[in-house]
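*Asks:* Pasting work-v7.cif here (mmCIF, C-alpha atoms and all ligand atoms):
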```
data_input
loop_
_atom_site.label_atom_id
_atom_site.label_comp_id
_atom_site.auth_asym_id
_atom_site.auth_seq_id
_atom_site.Cartn_x
_atom_site.Cartn_y
_atom_site.Cartn_z
CA MET A 469 16.43 5.10 -221.24
CA THR A 470 15.40 8.06 -223.28
CA THR A 471 17.55 11.15 -223.60
CA HIS A 472 14.76 13.34 -224.88
CA HIS A 473 13.39 16.25 -222.91
CA LEU A 474 10.12 15.54 -221.11
CA ASP A 475 8.33 18.08 -223.37
CA THR A 476 9.33 15.99 -226.38
CA GLN A 477 8.47 12.73 -224.67
CA LEU A 478 4.98 13.94 -223.84
CA LEU A 479 4.23 14.30 -227.54
CA HIS A 480 5.57 10.91 -228.52
CA ILE A 481 4.80 8.43 -225.72
CA GLY A 482 2.02 5.99 -226.44
CA SER A 483 1.92 6.62 -230.20
CA ALA A 484 -0.08 4.08 -232.17
CA PRO A 485 2.11 1.36 -233.75
CA PHE A 486 2.26 1.02 -237.55
CA ASP A 487 -0.11 -1.47 -239.09
CA PRO A 488 2.17 -4.19 -240.51
CA LYS A 489 0.00 -4.51 -243.63
CA SER A 490 -0.57 -0.87 -244.60
CA GLY A 491 2.53 0.61 -243.02
CA THR A 492 0.47 3.45 -241.55
CA ALA A 493 -0.55 4.54 -238.09
CA PRO A 494 -2.98 7.16 -236.84
CA VAL A 495 -1.37 10.19 -235.22
CA SER A 496 -4.09 10.18 -232.60
CA LEU A 497 -4.40 6.82 -230.88
CA PRO A 498 -8.07 5.78 -231.01
CA ALA A 499 -10.17 5.26 -227.90
CA ILE A 500 -10.59 1.49 -227.79
CA ARG A 501 -13.94 0.94 -226.12
CA THR A 502 -14.57 -2.62 -225.18
CA SER A 503 -15.99 -4.45 -222.22
CA THR A 504 -14.09 -7.62 -222.93
CA VAL A 505 -11.45 -9.13 -225.20
CA ARG A 506 -11.43 -12.21 -227.41
CA PHE A 507 -8.54 -14.66 -227.38
CA GLU A 508 -7.28 -16.32 -230.55
CA ASN A 509 -7.10 -19.65 -228.74
CA LEU A 510 -6.75 -21.07 -225.22
CA GLU A 511 -2.96 -20.85 -225.41
CA ALA A 512 -3.21 -17.09 -225.88
CA LEU A 513 -5.51 -16.87 -222.87
CA GLU A 514 -3.05 -18.93 -220.79
CA ARG A 515 -0.19 -16.64 -221.82
CA ALA A 516 -2.20 -13.60 -220.69
CA PHE A 517 -2.93 -15.15 -217.29
CA ALA A 518 0.69 -16.23 -216.86
CA LYS A 519 1.76 -12.64 -217.50
CA ARG A 520 -0.66 -11.38 -214.91
CA ALA A 521 0.51 -13.98 -212.39
CA ALA A 522 4.06 -12.68 -212.94
CA GLY A 523 2.85 -9.19 -211.99
CA GLU A 524 2.99 -7.83 -215.56
CA ARG A 525 0.27 -5.78 -217.17
CA SER A 526 -1.91 -8.19 -219.05
CA ILE A 527 -5.17 -7.78 -220.90
CA THR A 528 -7.74 -10.39 -219.94
CA TYR A 529 -10.90 -8.31 -219.67
CA GLY A 530 -12.11 -4.84 -220.59
CA ARG A 531 -11.94 -3.48 -217.07
CA SER A 532 -8.15 -3.20 -217.17
CA GLY A 533 -8.31 -1.35 -220.48
CA MET A 534 -6.47 -1.86 -223.74
CA ASP A 535 -4.09 0.25 -225.84
CA THR A 536 -5.62 3.63 -224.96
CA HIS A 537 -5.23 2.91 -221.26
CA ARG A 538 -1.76 1.45 -221.74
CA ALA A 539 -0.65 4.63 -223.51
CA LEU A 540 -1.96 6.77 -220.66
CA GLU A 541 -0.21 4.57 -218.09
CA GLU A 542 3.02 5.14 -220.02
CA VAL A 543 2.45 8.89 -219.89
CA PHE A 544 2.09 8.79 -216.10
CA MET A 545 5.14 6.55 -215.71
CA GLU A 546 7.24 8.86 -217.86
CA LEU A 547 6.07 11.96 -216.00
CA GLU A 548 6.53 10.54 -212.52
CA GLY A 549 9.61 8.45 -213.21
CA GLY A 550 7.85 5.24 -212.14
CA THR A 551 7.82 1.73 -213.56
CA TYR A 552 4.26 0.71 -212.69
CA CYS A 553 0.98 2.58 -212.99
CA VAL A 554 -2.65 1.84 -212.33
CA LEU A 555 -5.40 4.12 -213.55
CA ALA A 556 -8.52 5.01 -211.61
CA PRO A 557 -11.82 6.71 -212.42
CA SER A 558 -10.97 9.74 -210.23
CA GLY A 559 -8.15 11.14 -208.14
CA MET A 560 -10.05 10.14 -205.00
CA ALA A 561 -10.33 6.56 -206.29
CA ALA A 562 -6.54 6.54 -206.79
CA ILE A 563 -6.08 7.73 -203.19
CA ASN A 564 -8.36 4.88 -202.03
CA ILE A 565 -6.31 2.35 -203.97
CA ALA A 566 -3.12 3.59 -202.30
CA PHE A 567 -4.57 3.50 -198.77
CA LEU A 568 -6.39 0.18 -199.09
CA GLY A 569 -3.60 -1.48 -201.05
CA LEU A 570 -0.95 -0.60 -198.50
CA LEU A 571 -2.81 -0.78 -195.17
CA LYS A 572 -4.77 -3.46 -193.34
CA THR A 573 -6.62 -3.79 -190.04
CA GLY A 574 -4.35 -2.93 -187.11
CA ASP A 575 -2.01 -0.75 -189.16
CA HIS A 576 -1.24 2.89 -188.44
CA VAL A 577 -0.68 5.64 -191.01
CA LEU A 578 0.80 9.12 -190.54
CA VAL A 579 -1.04 11.68 -192.66
CA GLY A 580 0.12 15.26 -193.32
CA ASP A 581 -2.39 17.82 -192.03
CA CYS A 582 -2.28 19.68 -195.38
CA VAL A 583 -3.64 16.85 -197.54
CA TYR A 584 -6.66 17.11 -199.81
CA GLY A 585 -9.66 17.52 -197.45
CA PRO A 586 -11.69 14.45 -198.50
CA VAL A 587 -8.84 12.21 -197.27
CA ARG A 588 -10.15 12.98 -193.79
CA ASN A 589 -13.53 11.75 -194.94
CA LEU A 590 -11.93 8.54 -196.22
CA ASP A 591 -10.51 8.15 -192.71
CA ARG A 592 -13.95 8.64 -191.10
CA ALA A 593 -15.96 6.69 -193.67
CA LEU A 594 -13.72 3.67 -194.24
CA LEU A 595 -10.39 3.55 -192.43
CA GLN A 596 -11.82 3.84 -188.92
CA GLY A 597 -14.32 1.06 -189.60
CA LEU A 598 -11.53 -1.15 -190.93
CA GLY A 599 -9.44 -0.58 -187.80
CA ILE A 600 -6.75 1.43 -189.60
CA GLU A 601 -5.45 4.12 -187.26
CA VAL A 602 -4.60 7.60 -188.57
CA THR A 603 -2.44 10.27 -186.92
CA TYR A 604 -2.28 13.70 -188.54
CA PHE A 605 1.00 15.58 -188.34
CA ALA A 606 2.25 19.01 -189.35
CA PRO A 607 4.96 18.53 -192.00
CA GLY A 608 8.09 20.53 -191.26
CA ARG A 609 6.97 21.19 -187.68
CA ASP A 610 6.24 17.88 -186.00
CA ASP A 611 9.01 15.37 -185.40
CA VAL A 612 7.74 12.57 -187.64
CA ALA A 613 10.13 9.99 -186.22
CA ALA A 614 8.66 10.58 -182.75
CA LEU A 615 5.16 9.80 -184.04
CA ILE A 616 6.05 6.40 -185.47
CA GLN A 617 4.42 3.46 -183.65
CA PRO A 618 5.28 -0.25 -183.90
CA ASN A 619 2.28 -0.67 -186.26
CA THR A 620 3.03 2.37 -188.48
CA LYS A 621 3.28 1.27 -192.12
CA VAL A 622 2.71 4.32 -194.31
CA VAL A 623 3.35 8.08 -194.37
CA TYR A 624 0.91 9.93 -196.62
CA VAL A 625 1.48 13.56 -197.63
CA GLU A 626 0.70 16.09 -200.30
CA SER A 627 3.37 18.54 -201.43
CA PRO A 628 2.79 21.41 -201.79
CA GLY A 629 -0.18 21.27 -199.40
CA SER A 630 -3.74 21.49 -200.65
CA LEU A 631 -4.82 24.98 -199.53
CA LEU A 632 -1.68 26.86 -198.51
CA PHE A 633 0.82 25.19 -200.87
CA GLU A 634 3.41 24.65 -198.17
CA MET A 635 6.41 22.80 -199.59
CA ILE A 636 7.33 19.61 -197.75
CA ASP A 637 10.98 18.60 -197.50
CA MET A 638 10.36 15.31 -199.32
CA ILE A 639 14.03 14.29 -199.19
CA ALA A 640 14.13 14.60 -195.41
CA LEU A 641 10.78 12.87 -194.98
CA ALA A 642 11.82 10.04 -197.29
CA ALA A 643 14.95 9.51 -195.18
CA VAL A 644 12.83 9.13 -192.02
CA ALA A 645 10.43 6.79 -193.84
CA LYS A 646 13.29 4.67 -195.18
CA ASP A 647 15.07 4.45 -191.80
CA ASN A 648 11.86 3.13 -190.27
CA GLY A 649 10.75 0.82 -193.09
CA LEU A 650 7.68 2.94 -193.94
CA ILE A 651 6.15 3.44 -197.37
CA LEU A 652 6.02 7.12 -198.32
CA VAL A 653 3.04 8.08 -200.47
CA SER A 654 2.67 11.55 -201.94
CA ASP A 655 -0.27 13.17 -203.68
CA ASN A 656 1.41 14.83 -206.64
CA THR A 657 -1.60 16.42 -208.28
CA TRP A 658 0.00 19.88 -207.94
CA GLY A 659 3.15 18.82 -209.79
CA SER A 660 1.50 16.17 -211.98
CA GLY A 661 4.98 14.80 -212.68
CA TYR A 662 5.80 17.78 -214.83
CA ILE A 663 7.02 20.38 -212.34
CA TYR A 664 7.55 18.16 -209.27
CA ARG A 665 8.53 14.49 -209.00
CA PRO A 666 8.24 12.98 -205.52
CA LEU A 667 9.50 9.53 -206.63
CA ALA A 668 12.82 11.12 -207.63
CA LEU A 669 13.02 12.73 -204.17
CA GLY A 670 12.57 9.43 -202.34
CA ALA A 671 8.81 8.84 -202.16
CA ASP A 672 7.68 5.28 -202.96
CA VAL A 673 4.24 5.98 -204.38
CA SER A 674 2.86 8.97 -206.26
CA VAL A 675 -0.87 9.55 -206.51
CA VAL A 676 -2.18 11.98 -209.11
CA ALA A 677 -5.62 13.38 -209.85
CA GLY A 678 -5.33 13.51 -213.63
CA THR A 679 -8.61 15.39 -213.47
CA LYS A 680 -6.51 18.56 -213.04
CA TYR A 681 -3.46 19.48 -215.15
CA ILE A 682 -3.05 16.16 -216.99
CA ALA A 683 -6.44 16.32 -218.69
CA GLY A 684 -6.35 20.11 -218.41
CA HIS A 685 -9.75 20.98 -219.83
CA SER A 686 -12.16 20.38 -216.94
CA ASP A 687 -13.89 17.58 -218.80
CA VAL A 688 -12.47 14.37 -217.30
CA MET A 689 -12.33 12.60 -213.93
CA LEU A 690 -9.11 10.58 -213.70
CA GLY A 691 -6.65 9.20 -211.17
CA ALA A 692 -3.38 7.30 -211.26
CA VAL A 693 -1.08 5.56 -208.79
CA ILE A 694 2.53 5.36 -209.90
CA VAL A 695 5.16 3.18 -208.22
CA LYS A 696 8.83 2.24 -208.66
CA ASP A 697 9.09 -0.88 -206.53
CA GLU A 698 7.79 -4.20 -207.84
CA LYS A 699 6.51 -5.50 -204.49
CA ILE A 700 4.61 -2.29 -203.72
CA ALA A 701 3.25 -2.32 -207.28
CA ALA A 702 1.88 -5.85 -206.80
CA ARG A 703 -0.10 -4.65 -203.74
CA ILE A 704 -1.41 -1.62 -205.63
CA HIS A 705 -2.41 -3.73 -208.63
CA SER A 706 -4.12 -6.25 -206.41
CA ALA A 707 -6.15 -3.55 -204.61
CA GLN A 708 -7.14 -1.92 -207.87
CA TYR A 709 -8.23 -5.27 -209.32
CA ALA A 710 -10.16 -6.17 -206.17
CA MET A 711 -11.99 -2.84 -206.09
CA GLY A 712 -13.06 -3.14 -209.70
CA ASN A 713 -12.04 0.38 -210.63
CA SER A 714 -12.04 1.09 -214.30
CA LEU A 715 -11.63 4.17 -216.46
CA SER A 716 -13.62 4.74 -219.62
CA ALA A 717 -11.61 4.58 -222.84
CA ASP A 718 -13.03 7.96 -223.85
CA ASP A 719 -11.73 9.55 -220.67
CA ALA A 720 -8.33 7.94 -221.19
CA TRP A 721 -8.37 9.34 -224.73
CA LEU A 722 -9.31 12.84 -223.54
CA ALA A 723 -6.48 12.73 -221.02
CA LEU A 724 -4.02 11.61 -223.71
CA ARG A 725 -5.12 14.51 -225.86
CA GLY A 726 -5.00 16.99 -222.97
CA VAL A 727 -1.56 15.99 -221.78
CA LYS A 728 0.00 16.78 -225.17
CA THR A 729 -0.30 20.48 -224.35
CA MET A 730 0.49 20.25 -220.64
CA ALA A 731 3.96 21.77 -221.03
CA VAL A 732 2.68 24.98 -222.64
CA ARG A 733 -0.39 25.18 -220.47
CA MET A 734 1.56 24.76 -217.26
CA ALA A 735 4.13 27.39 -218.23
CA GLN A 736 1.39 29.89 -219.03
CA HIS A 737 -0.53 29.14 -215.83
CA ALA A 738 2.72 29.72 -213.91
CA ARG A 739 3.44 33.03 -215.68
CA ASN A 740 -0.11 34.24 -215.10
CA ALA A 741 -0.01 33.21 -211.44
CA LEU A 742 3.20 35.19 -210.85
CA GLU A 743 1.62 38.25 -212.48
CA VAL A 744 -1.32 37.89 -210.13
CA CYS A 745 1.03 37.48 -207.13
CA LYS A 746 2.76 40.75 -208.11
CA PHE A 747 -0.61 42.46 -208.24
CA PHE A 748 -1.72 41.06 -204.87
CA ASP A 749 1.58 42.16 -203.34
CA SER A 750 0.66 45.75 -204.20
CA ARG A 751 -2.70 45.64 -202.42
CA LYS A 752 -3.29 46.53 -198.77
CA GLU A 753 -6.23 44.11 -198.56
CA VAL A 754 -3.83 41.18 -199.01
CA ALA A 755 -1.94 40.06 -195.89
CA ARG A 756 -0.10 37.07 -197.35
CA ILE A 757 0.33 35.26 -200.64
CA PHE A 758 0.69 31.48 -200.74
CA HIS A 759 2.43 30.34 -203.91
CA PRO A 760 5.74 28.48 -203.65
CA ALA A 761 7.24 30.10 -206.78
CA TRP A 762 6.61 33.57 -205.30
CA HIS A 763 9.91 34.83 -203.88
CA LYS A 764 8.32 35.88 -200.57
CA ASP A 765 6.66 32.49 -199.95
CA ALA A 766 8.12 30.55 -197.01
CA GLY A 767 8.57 27.52 -199.27
CA PHE A 768 10.45 29.38 -202.02
CA GLY A 769 13.80 27.79 -201.10
CA LEU A 770 12.41 24.24 -201.25
CA TRP A 771 10.55 25.12 -204.45
CA GLN A 772 13.85 26.25 -206.01
CA ARG A 773 15.53 23.05 -204.87
CA ASP A 774 12.84 20.54 -205.85
CA CYS A 775 10.60 21.97 -208.58
CA THR A 776 11.20 22.63 -212.24
CA GLY A 777 8.26 24.99 -212.61
CA SER A 778 5.04 26.12 -211.10
CA ASN A 779 1.34 26.30 -211.90
CA GLY A 780 -1.77 28.43 -211.49
CA MET A 781 -2.54 27.76 -207.82
CA VAL A 782 -2.45 30.84 -205.57
CA SER A 783 -4.04 31.39 -202.17
CA VAL A 784 -4.32 34.73 -200.45
CA GLU A 785 -4.96 35.68 -196.88
CA LEU A 786 -7.14 38.77 -196.87
CA ASN A 787 -7.01 41.41 -194.13
CA CYS A 788 -10.68 40.86 -193.38
CA SER A 789 -13.03 38.34 -191.89
CA PRO A 790 -14.13 35.27 -193.89
CA GLU A 791 -17.61 36.81 -193.93
CA ALA A 792 -16.36 40.10 -195.46
CA ALA A 793 -14.33 38.15 -198.05
CA LYS A 794 -17.56 36.74 -199.46
CA LYS A 795 -18.13 40.17 -201.04
CA PHE A 796 -14.81 39.79 -202.87
CA VAL A 797 -15.70 36.33 -204.16
CA ASN A 798 -19.18 37.32 -205.27
CA ALA A 799 -17.86 40.41 -207.08
CA LEU A 800 -15.49 38.42 -209.31
CA THR A 801 -16.75 38.03 -212.85
CA LEU A 802 -14.01 36.01 -214.57
CA PHE A 803 -13.39 33.52 -211.74
CA GLY A 804 -15.95 30.74 -211.49
CA ILE A 805 -16.85 29.82 -207.91
CA GLY A 806 -15.87 26.18 -207.81
CA PHE A 807 -13.65 23.57 -206.20
CA SER A 808 -11.50 22.22 -208.96
CA TRP A 809 -8.37 23.49 -210.70
CA GLY A 810 -5.93 22.52 -213.44
CA GLY A 811 -8.35 23.29 -216.27
CA PHE A 812 -7.98 26.20 -218.68
CA GLU A 813 -10.17 28.51 -216.64
CA SER A 814 -9.87 30.67 -213.56
CA LEU A 815 -11.67 29.50 -210.43
CA VAL A 816 -12.09 30.79 -206.91
CA GLN A 817 -12.79 28.99 -203.66
CA TRP A 818 -13.87 30.66 -200.43
CA VAL A 819 -12.12 28.47 -197.86
CA ASP A 820 -14.21 27.48 -194.87
CA PRO A 821 -12.43 28.60 -191.66
CA GLY A 822 -13.39 25.28 -190.05
CA VAL A 823 -11.23 23.44 -192.58
CA LEU A 824 -8.25 25.67 -191.84
CA ALA A 825 -8.48 24.96 -188.13
CA SER A 826 -6.80 21.58 -188.69
CA HIS A 827 -3.81 23.05 -190.62
CA ALA A 828 -0.87 23.96 -188.38
CA TYR A 829 0.59 26.09 -191.19
CA TRP A 830 -2.38 28.47 -190.97
CA SER A 831 -1.78 30.96 -188.18
CA SER A 832 -4.20 33.79 -189.02
CA GLU A 833 -7.41 32.89 -187.28
CA GLY A 834 -10.08 35.51 -187.97
CA HIS A 835 -8.73 36.32 -191.43
CA ALA A 836 -10.11 35.01 -194.71
CA LEU A 837 -8.36 32.56 -197.01
CA ILE A 838 -9.25 32.55 -200.68
CA ARG A 839 -7.87 29.91 -203.05
CA LEU A 840 -7.61 30.81 -206.70
CA HIS A 841 -6.79 28.87 -209.80
CA ILE A 842 -5.26 31.30 -212.25
CA GLY A 843 -6.39 30.23 -215.69
CA LEU A 844 -5.20 30.99 -219.18
CA GLU A 845 -7.19 34.21 -219.61
CA SER A 846 -5.26 37.43 -220.22
CA THR A 847 -3.72 38.65 -216.96
CA ILE A 848 -4.75 42.18 -217.91
CA ASP A 849 -8.37 41.07 -217.56
CA LEU A 850 -7.77 38.87 -214.52
CA VAL A 851 -5.96 41.62 -212.60
CA GLU A 852 -8.65 44.13 -213.49
CA ASP A 853 -11.31 41.73 -212.23
CA LEU A 854 -9.42 41.02 -208.99
CA ALA A 855 -8.84 44.74 -208.41
CA GLN A 856 -12.50 45.69 -208.74
CA ALA A 857 -13.50 42.77 -206.48
CA LEU A 858 -10.98 43.78 -203.77
CA ASP A 859 -12.42 47.31 -203.91
CA LYS A 860 -15.81 45.86 -202.95
CA ILE A 861 -14.64 44.40 -199.62
CA ASN A 862 -15.03 47.62 -197.68
CA HIS A 863 -18.14 48.81 -199.45
C1 LIG B 1 -4.72 17.48 -204.38
C2 LIG B 1 -5.90 16.69 -204.84
N1 LIG B 1 -5.82 15.36 -204.80
C3 LIG B 1 -6.85 14.60 -205.20
C4 LIG B 1 -8.02 15.16 -205.66
C5 LIG B 1 -9.17 14.27 -206.04
O1 LIG B 1 -9.31 14.22 -207.42
P1 LIG B 1 -10.72 13.88 -208.09
O2 LIG B 1 -11.54 15.11 -207.99
O3 LIG B 1 -10.36 13.49 -209.48
O4 LIG B 1 -11.31 12.75 -207.32
C6 LIG B 1 -8.14 16.54 -205.74
C7 LIG B 1 -9.37 17.16 -206.24
O5 LIG B 1 -9.62 18.34 -206.07
C8 LIG B 1 -7.05 17.33 -205.30
O6 LIG B 1 -7.12 18.68 -205.29
#
```
Take the structure I supplied and represent it as structure tokens, if you would.
*Replies:*
Amino acid sequence: MTTHHLDTQLLHIGSAPFDPKSGTAPVSLPAIRTSTVRFENLEALERAFAKRAAGERSITYGRSGMDTHRALEEVFMELEGGTYCVLAPSGMAAINIAFLGLLKTGDHVLVGDCVYGPVRNLDRALLQGLGIEVTYFAPGRDDVAALIQPNTKVVYVESPGSLLFEMIDMIALAAVAKDNGLILVSDNTWGSGYIYRPLALGADVSVVAGTKYIAGHSDVMLGAVIVKDEKIAARIHSAQYAMGNSLSADDAWLALRGVKTMAVRMAQHARNALEVCKFFDSRKEVARIFHPAWHKDAGFGLWQRDCTGSNGMVSVELNCSPEAAKKFVNALTLFGIGFSWGGFESLVQWVDPGVLASHAYWSSEGHALIRLHIGLESTIDLVEDLAQALDKINH
């Protein structure tokens, strides 16, 4: 067990070992690109297969990756406080691994209504056809215990929620899951293991889109599933192996490079986001700010209890129709109109009212919701840009 601070750990995990002959090691672990591996002899091959049969990570073929991938797995395990990790070529692929690894035909899963939108598409496109039943619930409002059926196996949530950043009481939810023998899976892309750690709060599985804050530069697609329990890990490994997911060594390398600066990036995103919240709070066009680290957010208490920091995600309800809010979005010059987040740059998303209809936490029908990722630009410039764009709404 390490006693070092996570910030220190992030810089040292997965370092390249010293070459026994030269006594040197590269500071930056190389991207080991290979489609397969060679074995010294058949005994070495047998040892590798025996390791895999015992549920250990073992290199038998390029698809499971070599040292670069192993180092990135260690980063995720350290961040999330897990003992097993599988990597995936995108966050959505990691979500698929979790669902398909833990559920089979005839099973039922409870899904929070605030999860990443495409999870509903996974339900329609695959789960329904496989005979896996999904019930959506409103975290913090619905009585989860009352929704459990004899065939319920998994509870799947995202905290804070995807569009409104509502904090879920993970400790309370984990207690319900544990009492009923359910596996609790949480999408932790928002926290990325750095500012929020669902496994420490009782969740069994953490799913992360490393595409966002881990890689941090909007240049990589990456997912990870992190687990504490050996039996659950075996099911996750088996699903990942069966699905043939693999991550390119170059993407693993980019993520390893990106994550080295995650601590400073995240802190700056959080500072910038709070500055922007303060600005929004002063404007009459803004009805409500959604950002759990903002002291007026309904989830502020849970954020104080469970999080060690915040990030650049801020949503605002505007005192105007979704149609009128399009003027605001189009007038922004420093915010790219786009879906992602977690990179260095500011982004804005006009949220489709149809999507909000399925979120119980959203109670302002007729108003616009705008989701912003507050990047690392100067907040003087960002606030100026937001101010001139808000001015355009009524013109
Ligand atoms: C919360 C959350 N989870 C998962 C994903 C999926 O990640 P990816 O785009 O890498 O598939 C996203 C992407 O936006 C996300 O916002």
*Asks:* Can I get the residues of segment 495-555 of chain A within 8 Å of segment 658-662 of chain A, each with the closest pair of atoms and their distance in Å to one decimal, using all atoms listed in the file, sorted chain first then ascending number, as CSV?
*Replies:*
```
residue,atom,partner,partner_atom,distance
A:Phe544,CA,A:Gly661,CA,7.5
A:Leu547,CA,A:Gly661,CA,4.5
A:Glu548,CA,A:Gly661,CA,4.5
A:Gly549,CA,A:Gly661,CA,7.9
```
*Asks:* So the first atom is atom CA of Ser483 of chain A and the second is atom CA of Gly530 of chain A; what is the distance between them in Å, to one decimal place?
*Replies:* 20.5 Å
*Asks:* Report, in Å to a single decimal, how far apart atom CA of Pro628 of chain A and atom CA of Ala738 of chain A are.
*Replies:* 14.7 Å
*Asks:* Name the residues within 7 Å of (-12.4, 38.9, -202.3), counting all atoms listed in the file in the file's coordinates, and put them as a count of residues only.
*Replies:* 8
*Asks:* Any chance you could tabulate, as a Markdown table, the residues of chain A at most 9 Å from ligand LIG 1 (chain B) with each one's nearest atom pair and distance in Å to one decimal, using only C-alpha atoms and all ligand atoms, in chain and rising number order?
*Replies:*
```
| residue | atom | partner | partner_atom | distance |
| --- | --- | --- | --- | --- |
| A:Ala556 | CA | B:LIG1 | O3 | 8.9 |
| A:Pro557 | CA | B:LIG1 | O3 | 7.5 |
| A:Ser558 | CA | B:LIG1 | O3 | 3.9 |
| A:Gly559 | CA | B:LIG1 | O1 | 3.4 |
| A:Met560 | CA | B:LIG1 | O4 | 3.7 |
| A:Ala561 | CA | B:LIG1 | O4 | 6.4 |
| A:Ala562 | CA | B:LIG1 | O4 | 7.8 |
| A:Ile563 | CA | B:LIG1 | C3 | 7.2 |
| A:Val583 | CA | B:LIG1 | C1 | 7.0 |
| A:Tyr584 | CA | B:LIG1 | C1 | 5.0 |
| A:Gly585 | CA | B:LIG1 | C8 | 8.3 |
| A:Pro586 | CA | B:LIG1 | C5 | 8.0 |
| A:Val587 | CA | B:LIG1 | C3 | 8.5 |
| A:Glu626 | CA | B:LIG1 | C1 | 6.9 |
| A:Ser627 | CA | B:LIG1 | C1 | 8.7 |
| A:Pro628 | CA | B:LIG1 | C1 | 8.9 |
| A:Gly629 | CA | B:LIG1 | C1 | 7.7 |
| A:Ser630 | CA | B:LIG1 | C1 | 5.6 |
| A:Leu631 | CA | B:LIG1 | O6 | 8.8 |
| A:Asp655 | CA | B:LIG1 | N1 | 6.1 |
| A:Asn656 | CA | B:LIG1 | C1 | 7.1 |
| A:Thr657 | CA | B:LIG1 | C1 | 5.1 |
| A:Trp658 | CA | B:LIG1 | C1 | 6.4 |
| A:Val675 | CA | B:LIG1 | N1 | 7.8 |
| A:Val676 | CA | B:LIG1 | N1 | 6.6 |
| A:Ala677 | CA | B:LIG1 | O1 | 4.5 |
| A:Gly678 | CA | B:LIG1 | O3 | 6.5 |
| A:Thr679 | CA | B:LIG1 | O3 | 4.8 |
| A:Lys680 | CA | B:LIG1 | O3 | 7.3 |
| A:Val688 | CA | B:LIG1 | O3 | 8.1 |
| A:Met689 | CA | B:LIG1 | O3 | 4.9 |
| A:Leu690 | CA | B:LIG1 | O3 | 5.3 |
| A:Gly691 | CA | B:LIG1 | O3 | 5.9 |
| A:Phe807 | CA | B:LIG1 | O5 | 6.6 |
| A:Ser808 | CA | B:LIG1 | O5 | 5.2 |
| A:Trp809 | CA | B:LIG1 | O5 | 7.0 |
```
*Asks:* Tell me which of A:Val744, A:Val819, A:Ala593, A:Ala522 sits closest to Ser846 of chain A, counting all atoms listed in the file.
*Replies:*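 Nearest candidate to Ser846 of chain A out of A:Val744, A:Val819, A:Ala593, A:Ala522: A:Val744.
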*Asks:* Find the residues near Phe748 of chain A: any atom within 9 Å, counting all atoms listed in the file, skip ones fewer than 3 places away on the same chain, and give them as a CSV table (one decimal) with C-alpha atoms, in the coordinates of the input.
*Replies:*
```csv
chain,number,residue,atom,x,y,z
A,743,GLU,CA,1.6,38.2,-212.5
A,744,VAL,CA,-1.3,37.9,-210.1
A,745,CYS,CA,1.0,37.5,-207.1
A,751,ARG,CA,-2.7,45.6,-202.4
A,752,LYS,CA,-3.3,46.5,-198.8
A,753,GLU,CA,-6.2,44.1,-198.6
A,754,VAL,CA,-3.8,41.2,-199.0
A,756,ARG,CA,-0.1,37.1,-197.4
A,757,ILE,CA,0.3,35.3,-200.6
A,784,VAL,CA,-4.3,34.7,-200.4
A,851,VAL,CA,-6.0,41.6,-212.6
A,854,LEU,CA,-9.4,41.0,-209.0
A,855,ALA,CA,-8.8,44.7,-208.4
```
*Asks:* Just give me the gap between atom CA of Ser674 of chain A and atom CA of Val695 of chain A in Å, one decimal is fine.
*Replies:*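 Here the two named atoms are 6.5 Å from each other.
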*Asks:* Nearest to Gly810 of chain A among A:Lys621, A:Arg506, A:Lys860, A:Arg733, with distances taken over all atoms listed in the file: which residue is it?
*Replies:*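 Between A:Lys621, A:Arg506, A:Lys860, A:Arg733, the residue approaching Gly810 of chain A most closely is A:Arg733.
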*Asks:* Missing atoms in segment 722-730 of chain A need filling: write out N, CA and C atoms for it as a PDB file, keeping the file's coordinate frame.
*Replies:*
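Saved as part.pdb:
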```pdb
ATOM      1  N   LEU A 722      -9.301  11.391-223.795  1.00  0.00           N
ATOM      2  CA  LEU A 722      -9.310  12.840-223.540  1.00  0.00           C
ATOM      3  C   LEU A 722      -8.060  13.258-222.756  1.00  0.00           C
ATOM      4  N   ALA A 723      -7.669  12.410-221.803  1.00  0.00           N
ATOM      5  CA  ALA A 723      -6.480  12.730-221.020  1.00  0.00           C
ATOM      6  C   ALA A 723      -5.230  12.683-221.896  1.00  0.00           C
ATOM      7  N   LEU A 724      -5.181  11.694-222.803  1.00  0.00           N
ATOM      8  CA  LEU A 724      -4.020  11.610-223.710  1.00  0.00           C
ATOM      9  C   LEU A 724      -3.954  12.848-224.597  1.00  0.00           C
ATOM     10  N   ARG A 725      -5.111  13.309-225.023  1.00  0.00           N
ATOM     11  CA  ARG A 725      -5.120  14.510-225.860  1.00  0.00           C
ATOM     12  C   ARG A 725      -4.726  15.741-225.026  1.00  0.00           C
ATOM     13  N   GLY A 726      -5.281  15.828-223.820  1.00  0.00           N
ATOM     14  CA  GLY A 726      -5.000  16.990-222.970  1.00  0.00           C
ATOM     15  C   GLY A 726      -3.525  17.100-222.601  1.00  0.00           C
ATOM     16  N   VAL A 727      -2.921  15.952-222.302  1.00  0.00           N
ATOM     17  CA  VAL A 727      -1.560  15.990-221.780  1.00  0.00           C
ATOM     18  C   VAL A 727      -0.536  16.453-222.837  1.00  0.00           C
ATOM     19  N   LYS A 728      -0.915  16.343-224.095  1.00  0.00           N
ATOM     20  CA  LYS A 728       0.000  16.780-225.170  1.00  0.00           C
ATOM     21  C   LYS A 728       0.351  18.262-225.026  1.00  0.00           C
ATOM     22  N   THR A 729      -0.567  19.045-224.466  1.00  0.00           N
ATOM     23  CA  THR A 729      -0.300  20.480-224.350  1.00  0.00           C
ATOM     24  C   THR A 729       0.013  20.888-222.898  1.00  0.00           C
ATOM     25  N   MET A 730       0.275  19.907-222.056  1.00  0.00           N
ATOM     26  CA  MET A 730       0.490  20.250-220.640  1.00  0.00           C
ATOM     27  C   MET A 730       1.691  21.178-220.457  1.00  0.00           C
TER      28      MET A 730
END
```
